[in-house]
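Coordinates as given in input17.cif (mmCIF, C-alpha atoms):
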data_final
#
loop_
_atom_site.label_atom_id
_atom_site.label_comp_id
_atom_site.auth_asym_id
_atom_site.auth_seq_id
_atom_site.Cartn_x
_atom_site.Cartn_y
_atom_site.Cartn_z
CA MET A 16 -1.02 26.04 -2.88
CA GLU A 17 1.56 25.25 -5.55
CA ARG A 18 2.76 21.68 -5.90
CA CYS A 19 6.17 21.12 -4.28
CA ILE A 20 8.15 17.85 -4.19
CA LYS A 21 10.75 17.24 -1.47
CA PRO A 22 12.48 14.08 -0.21
CA GLU A 23 10.62 12.04 2.41
CA LEU A 24 12.49 10.42 5.29
CA LEU A 25 10.87 7.00 4.83
CA ASP A 26 12.27 6.76 1.30
CA GLU A 27 15.81 7.41 2.54
CA LEU A 28 15.89 5.08 5.57
CA PRO A 29 17.04 1.44 5.26
CA PRO A 30 13.97 -0.84 5.19
CA ALA A 31 14.97 -2.57 8.45
CA ASP A 32 15.57 0.66 10.35
CA PRO A 33 13.20 0.64 13.38
CA ARG A 34 11.99 4.11 12.47
CA ALA A 35 11.06 2.92 8.98
CA VAL A 36 9.34 -0.20 10.33
CA ARG A 37 7.31 1.95 12.72
CA SER A 38 6.46 4.47 10.00
CA ARG A 39 5.12 1.72 7.71
CA LYS A 40 2.85 0.65 10.58
CA ASP A 41 1.79 4.28 10.97
CA LEU A 42 0.84 4.35 7.29
CA LEU A 43 -1.67 1.56 7.86
CA ARG A 44 -3.48 3.86 10.29
CA VAL A 45 -3.11 6.86 8.02
CA ASN A 46 -4.60 4.88 5.12
CA ALA A 47 -7.46 3.84 7.40
CA TRP A 48 -8.14 7.45 8.43
CA MET A 49 -8.04 8.51 4.78
CA GLY A 50 -10.35 5.65 3.79
CA ASN A 51 -8.09 4.71 0.90
CA CYS A 52 -8.88 1.00 0.97
CA GLY A 53 -12.60 1.66 0.58
CA ILE A 54 -11.97 4.27 -2.12
CA MET A 55 -9.88 1.78 -4.11
CA VAL A 56 -12.42 -1.04 -3.64
CA ARG A 57 -15.28 1.11 -4.96
CA ALA A 58 -13.20 2.28 -7.91
CA LEU A 59 -12.26 -1.29 -8.86
CA ARG A 60 -15.83 -2.54 -8.55
CA SER A 61 -17.15 0.26 -10.76
CA THR A 62 -14.57 -0.19 -13.51
CA CYS A 63 -13.82 -3.94 -13.51
CA ARG A 64 -17.25 -5.49 -13.78
CA GLY A 65 -17.91 -9.07 -14.74
CA PRO A 66 -17.94 -12.57 -13.28
CA VAL A 67 -14.20 -13.18 -13.58
CA ALA A 68 -11.46 -11.51 -11.55
CA ARG A 69 -9.03 -9.38 -13.53
CA PRO A 70 -5.21 -9.25 -13.65
CA ILE A 71 -3.97 -6.33 -11.51
CA VAL A 72 -0.65 -4.50 -11.21
CA GLU A 73 0.04 -2.31 -8.17
CA LEU A 74 2.77 0.32 -8.54
CA GLY A 75 4.63 1.24 -5.38
CA ALA A 76 3.05 -1.63 -3.47
CA GLY A 77 5.26 -1.21 -0.40
CA ASP A 78 4.57 -3.97 2.11
CA GLY A 79 1.46 -5.10 0.21
CA LYS A 80 -0.91 -4.33 3.10
CA LEU A 81 -3.10 -1.89 1.14
CA LEU A 82 -3.81 -4.37 -1.66
CA LEU A 83 -4.38 -7.10 0.95
CA CYS A 84 -7.02 -4.86 2.56
CA VAL A 85 -8.59 -4.34 -0.87
CA ALA A 86 -8.56 -8.08 -1.60
CA ARG A 87 -10.31 -8.84 1.68
CA ARG A 88 -13.12 -6.40 0.91
CA LEU A 89 -13.76 -7.42 -2.69
CA SER A 90 -16.44 -9.98 -3.39
CA ALA A 91 -15.85 -13.70 -3.88
CA ASP A 92 -15.93 -13.07 -7.65
CA TRP A 93 -12.38 -11.77 -7.30
CA GLN A 94 -11.02 -15.06 -5.99
CA GLY A 95 -8.33 -16.23 -8.39
CA THR A 96 -7.14 -12.72 -9.17
CA SER A 97 -3.58 -12.53 -10.45
CA ALA A 98 -1.73 -9.55 -8.97
CA VAL A 99 1.76 -8.15 -9.57
CA LEU A 100 3.02 -6.04 -6.66
CA LEU A 101 5.85 -3.79 -7.76
CA ASP A 102 8.15 -1.80 -5.50
CA ARG A 103 11.79 -0.74 -5.52
CA LEU A 104 12.21 -2.47 -2.14
CA LYS A 105 11.11 -6.04 -1.48
CA ILE A 106 9.56 -5.71 1.98
CA ILE A 107 6.62 -8.10 1.63
CA SER A 108 6.43 -10.38 4.66
CA GLN A 109 5.82 -14.12 4.47
CA GLU A 110 2.63 -13.56 6.49
CA THR A 111 1.28 -11.18 3.86
CA ARG A 112 2.11 -13.65 1.10
CA GLN A 113 0.21 -16.37 2.95
CA ASP A 114 -2.76 -14.07 3.52
CA PHE A 115 -3.05 -13.51 -0.23
CA GLU A 116 -2.91 -17.25 -0.81
CA THR A 117 -5.66 -17.81 1.76
CA LEU A 118 -7.88 -15.38 -0.19
CA GLY A 119 -7.21 -17.29 -3.41
CA TRP A 120 -5.13 -14.52 -4.98
CA ARG A 121 -2.10 -15.43 -7.09
CA THR A 122 0.60 -12.87 -6.40
CA GLU A 123 4.01 -12.01 -7.81
CA PHE A 124 6.29 -9.58 -5.99
CA LEU A 125 8.77 -7.66 -8.13
CA GLU A 126 11.64 -5.49 -6.90
CA ALA A 127 12.04 -2.82 -9.57
CA ASP A 128 11.81 0.88 -10.32
CA ALA A 129 8.30 1.58 -11.62
CA LEU A 130 9.40 3.84 -14.49
CA ASP A 131 12.01 1.35 -15.69
CA TRP A 132 9.60 -1.58 -15.42
CA LEU A 133 6.76 0.15 -17.24
CA GLU A 134 8.93 1.15 -20.17
CA GLN A 135 10.43 -2.29 -20.81
CA PRO A 136 9.01 -4.00 -23.94
CA ALA A 137 8.26 -7.18 -21.98
CA ALA A 138 6.04 -5.48 -19.38
CA PRO A 139 2.79 -7.49 -19.27
CA ALA A 140 -0.60 -6.02 -20.08
CA CYS A 141 -3.24 -5.99 -17.35
CA ASP A 142 -6.88 -5.09 -16.90
CA ALA A 143 -6.26 -2.79 -13.93
CA MET A 144 -3.23 -0.87 -12.73
CA ILE A 145 -3.46 0.83 -9.35
CA ALA A 146 -1.35 3.12 -7.18
CA ASN A 147 -1.88 4.30 -3.62
CA LEU A 148 0.05 7.31 -2.24
CA PHE A 149 2.66 6.77 -4.94
CA LEU A 150 2.33 9.23 -7.83
CA HIS A 151 2.99 12.28 -5.65
CA HIS A 152 6.68 11.29 -5.47
CA PHE A 153 7.14 12.16 -9.17
CA THR A 154 7.60 15.41 -11.06
CA GLU A 155 5.19 16.36 -13.83
CA ALA A 156 7.73 15.30 -16.46
CA GLN A 157 8.19 11.90 -14.80
CA LEU A 158 4.43 11.48 -14.41
CA ALA A 159 3.87 12.15 -18.10
CA VAL A 160 6.26 9.30 -18.94
CA LEU A 161 4.77 6.98 -16.30
CA LEU A 162 1.16 7.60 -17.32
CA ARG A 163 1.92 7.22 -21.01
CA ALA A 164 3.51 3.83 -20.32
CA ALA A 165 0.60 2.82 -18.09
CA ALA A 166 -1.92 3.73 -20.80
CA ARG A 167 -0.12 1.35 -23.15
CA LEU A 168 -0.46 -1.59 -20.75
CA THR A 169 -3.78 -1.32 -18.97
CA ARG A 170 -7.49 -0.96 -19.52
CA VAL A 171 -8.10 0.81 -16.19
CA PHE A 172 -5.75 3.00 -14.17
CA ILE A 173 -6.68 4.05 -10.61
CA ALA A 174 -4.64 6.28 -8.31
CA VAL A 175 -5.49 7.40 -4.78
CA GLU A 176 -3.22 10.25 -3.74
CA PRO A 177 -2.92 12.96 -1.08
CA ARG A 178 -5.23 15.90 -1.70
CA ARG A 179 -3.25 19.13 -1.83
CA SER A 180 -5.12 21.67 0.27
CA GLU A 181 -4.67 23.87 3.31
CA ARG A 182 -7.30 21.83 5.17
CA CYS A 183 -5.43 18.57 4.63
CA LEU A 184 -2.15 20.24 5.55
CA CYS A 185 -3.68 21.38 8.83
CA PHE A 186 -4.88 17.86 9.69
CA SER A 187 -1.46 16.38 8.81
CA ARG A 188 0.01 18.27 11.76
CA LEU A 189 -2.23 16.34 14.14
CA LEU A 190 -0.77 12.90 13.44
CA ARG A 191 0.94 12.95 16.82
CA LEU A 192 -2.52 12.46 18.33
CA ILE A 193 -2.86 8.99 16.77
CA GLY A 194 0.64 7.97 17.83
CA CYS A 195 2.58 8.46 14.58
CA ASN A 196 6.36 8.67 14.91
CA ARG A 197 8.66 11.51 13.87
CA VAL A 198 9.28 10.07 10.40
CA THR A 199 5.57 9.91 9.60
CA ARG A 200 4.92 13.36 11.07
CA HIS A 201 7.78 14.79 8.97
CA ASP A 202 6.65 13.10 5.75
CA ALA A 203 2.92 13.80 5.92
CA PRO A 204 3.02 17.57 5.17
CA ILE A 205 5.58 16.93 2.43
CA SER A 206 3.25 14.36 0.84
CA ILE A 207 0.33 16.78 0.91
CA ARG A 208 2.32 19.61 -0.68
CA ALA A 209 3.34 17.12 -3.41
CA GLY A 210 -0.23 15.86 -3.81
CA PHE A 211 -2.83 16.77 -6.39
CA ALA A 212 -5.83 19.01 -6.90
CA GLY A 213 -8.24 19.84 -9.70
CA GLN A 214 -7.54 18.00 -12.95
CA GLU A 215 -3.76 17.85 -12.75
CA LEU A 216 -3.42 14.13 -13.45
CA SER A 217 -6.04 14.22 -16.21
CA GLN A 218 -3.99 16.88 -17.98
CA LEU A 219 -0.96 14.58 -17.90
CA TRP A 220 -2.80 11.50 -19.19
CA PRO A 221 -1.97 10.88 -22.88
CA SER A 222 -4.49 12.36 -25.28
CA GLY A 223 -5.66 11.06 -28.61
CA GLN A 224 -7.08 7.78 -27.30
CA SER A 225 -10.57 6.72 -26.24
CA TRP A 226 -10.38 7.17 -22.48
CA SER A 227 -12.95 8.17 -19.90
CA LEU A 228 -11.26 10.21 -17.15
CA GLN A 229 -12.49 10.96 -13.65
CA GLU A 230 -10.60 13.11 -11.17
CA ARG A 231 -12.02 14.42 -7.93
CA PRO A 232 -11.66 14.64 -4.16
CA ALA A 233 -12.46 11.39 -2.35
CA GLY A 234 -13.10 10.99 1.35
CA TRP A 235 -11.78 13.64 3.70
CA PHE A 236 -8.16 13.81 2.59
CA SER A 237 -7.69 11.88 -0.67
CA HIS A 238 -7.59 12.68 -4.37
CA LEU A 239 -8.91 10.06 -6.81
CA PHE A 240 -7.95 9.63 -10.45
CA ILE A 241 -9.51 6.99 -12.73
CA ALA A 242 -8.72 6.44 -16.41
CA GLN A 243 -10.86 3.82 -18.15
CA ARG A 244 -10.46 2.74 -21.74
CA MET A 245 -13.71 3.02 -23.68
CA ASP A 246 -14.15 -0.29 -25.53
#
Conversion result in structure tokens:
Amino acid sequence: MERCIKPELLDELPPADPRAVRSRKDLLRVNAWMGNCGIMVRALRSTCRGPVARPIVELGAGDGKLLLCVARRLSADWQGTSAVLLDRLKIISQETRQDFETLGWRTEFLEADALDWLEQPAAPACDAMIANLFLHHFTEAQLAVLLRAAARLTRVFIAVEPRRSERCLCFSRLLRLIGCNRVTRHDAPISIRAGFAGQELSQLWPSGQSWSLQERPAGWFSHLFIAQRMD
């Protein structure tokens, strides 16, 4: 299956539109079915070892619920983590902000385009940069720019994306069975066709630096990419 990028309804609806609100709730269930929180937790634990929590940037953070799930499952060693949640729409609720505070995480929520933010000279360095169901929105040319900028700023880059396969496409048509609305059911097959397979992200990661790259299927429906600087 060739990679194909098309507009998704959720990206075009106003944030307060009831269909968009419902679809974001659907995505919590979709992430749970995909196991993306657990995949991200294991990737962070394996790459960010040590007694002190690390500064994290999440690209395309959305409503912040995925990173909140990750924060809840990480060990107490991660208390005090400083996280920047970046998204082009500021849809983080006050409840989510308070939940991060309860966990001892210091959070900053930025409303910005990821490509623009990454390329600005003042973009802060971090130990880990993560993305969940985000990179598949970009063309190969855009991804090359994004990943090059990310490599300049971070020691570890982790992305969990849709796995592009006929099997995943088949399962995406069953989302009605778990109560997903029309927006989610429309967007899911589009996301999978825009997803990744093989070593596609590794081939776009900038060469000529000391990086360890991992790229493989994860869980039933996800595709995992990890780039770790070799110190």
With the PyMOL selection byres ((chain A and resi 89) around 10) as the selection, what would be picked from this file? Answer as an MDAnalysis selection string, please.
chainID A and resid 53 56:57 59:60 84:88 90:94
For each of A:Pro177, A:Pro136, A:Gly213, A:Gly194, take the minimum atom-to-atom distance to A:Gly50, counting all atoms listed in the file, then give the residue where this is smallest.
A:Pro177
Computed interatomic separation between atom CA of A:Asp102 and atom CA of A:Gly75 (Å)
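Taking atom CA of A:Asp102 and atom CA of A:Gly75, their separation equals 4.7 Å.
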With distances taken over only C-alpha atoms, which of A:Cys195, A:Leu150, A:Ala138, A:Leu219 is nearest to A:Ile20?
A:Leu150
When you look at A:Val72 with a cut-off of 10 Å (counting only C-alpha atoms), what residues show up, excluding the ones that are within fewer than 2 positions of it in the same chain? I need them as a PyMOL selection string.
chain A and resi 69-70+74-76+97-101+122-123+139-146+168-169+172
Per residue of stretch 96-115 of chain A within 10 Å of stretch 30-36 of chain A, note the shortest atom pair and the distance in Å to one decimal, counting all atoms listed in the file, and order the rows by chain and increasing residue number, as CSV.
residue,atom,partner,partner_atom,distance
A:Leu104,CA,A:Pro30,CA,7.7
A:Lys105,CA,A:Pro30,CA,8.9
A:Ile106,CA,A:Pro30,CA,7.3
For a quick check of understanding, using only C-alpha atoms, which of A:Met16, A:Thr96, A:Arg170, A:Leu216 has the smallest distance to A:Thr154?
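Result for the nearest residue to A:Thr154: A:Leu216.
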Which residues of stretch 147-223 of chain A come within 10 Å of stretch 40-48 of chain A, and what is each one's closest atom pair and distance in Å (one decimal), counting only C-alpha atoms, sorted by chain and residue number, as a tab-separated table?
residue	atom	partner	partner_atom	distance
A:Asn147	CA	A:Asn46	CA	9.2
A:Leu148	CA	A:Asn46	CA	9.0
A:Ser187	CA	A:Val45	CA	9.7
A:Leu190	CA	A:Val45	CA	8.4
A:Ile193	CA	A:Arg44	CA	8.3
A:Gly194	CA	A:Asp41	CA	7.9
A:Cys195	CA	A:Asp41	CA	5.6
A:Asn196	CA	A:Asp41	CA	7.5
A:Val198	CA	A:Asp41	CA	9.5
A:Thr199	CA	A:Asp41	CA	6.9
A:Arg200	CA	A:Asp41	CA	9.6
A:Ala203	CA	A:Val45	CA	9.4
For A:Val160, which residue out of A:Gly234, A:Pro22, A:Pro221, A:Gly95 is the nearest one, using all atoms listed in the file?
A:Pro221
What gap, in Å, lies between atom CA of A:Glu23 and atom CA of A:Cys185?
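Taking atom CA of A:Glu23 and atom CA of A:Cys185, their separation equals 18.2 Å.
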Quick check on the file I pasted: which residues fall under the PyMOL selection byres ((chain A and resi 21) around 10)? Write them as a PyMOL selection string.
chain A and resi 19-20+22-24+152-153+202+205-206+208-209
So, counting all atoms listed in the file, which residue among A:Arg197, A:Glu215, A:Val171, A:Met245 is closest to A:Cys63?
A:Val171
Residues in the PyMOL selection byres ((chain A and resi 224-231) around 7), expressed as JSON, numbers by chain:
{"A": [213, 214, 217, 222, 223, 232, 233, 238, 239, 240, 241, 242, 243, 244, 245]}
With distances taken over only C-alpha atoms, which of A:Arg191, A:His201, A:Arg167, A:Arg178 is nearest to A:Trp220?
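Counting only C-alpha atoms, the residue closest to A:Trp220 is A:Arg167.
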Draw an axis-aligned box tight on the listed atoms of stretch 146-161 of chain A, then pad every side by 8 Å and write out centre and edge lengths in Å to one decimal as lines of an AutoDock Vina configuration file.
center_x = 3.2
center_y = 9.7
center_z = -10.6
size_x = 26.1
size_y = 29.2
size_z = 32.7
To one decimal in Å, tell me the separation between atom CA of A:Gly77 and atom CA of A:Leu158.
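Computed distance, atom CA of A:Gly77 to atom CA of A:Leu158, equals 18.9 Å.
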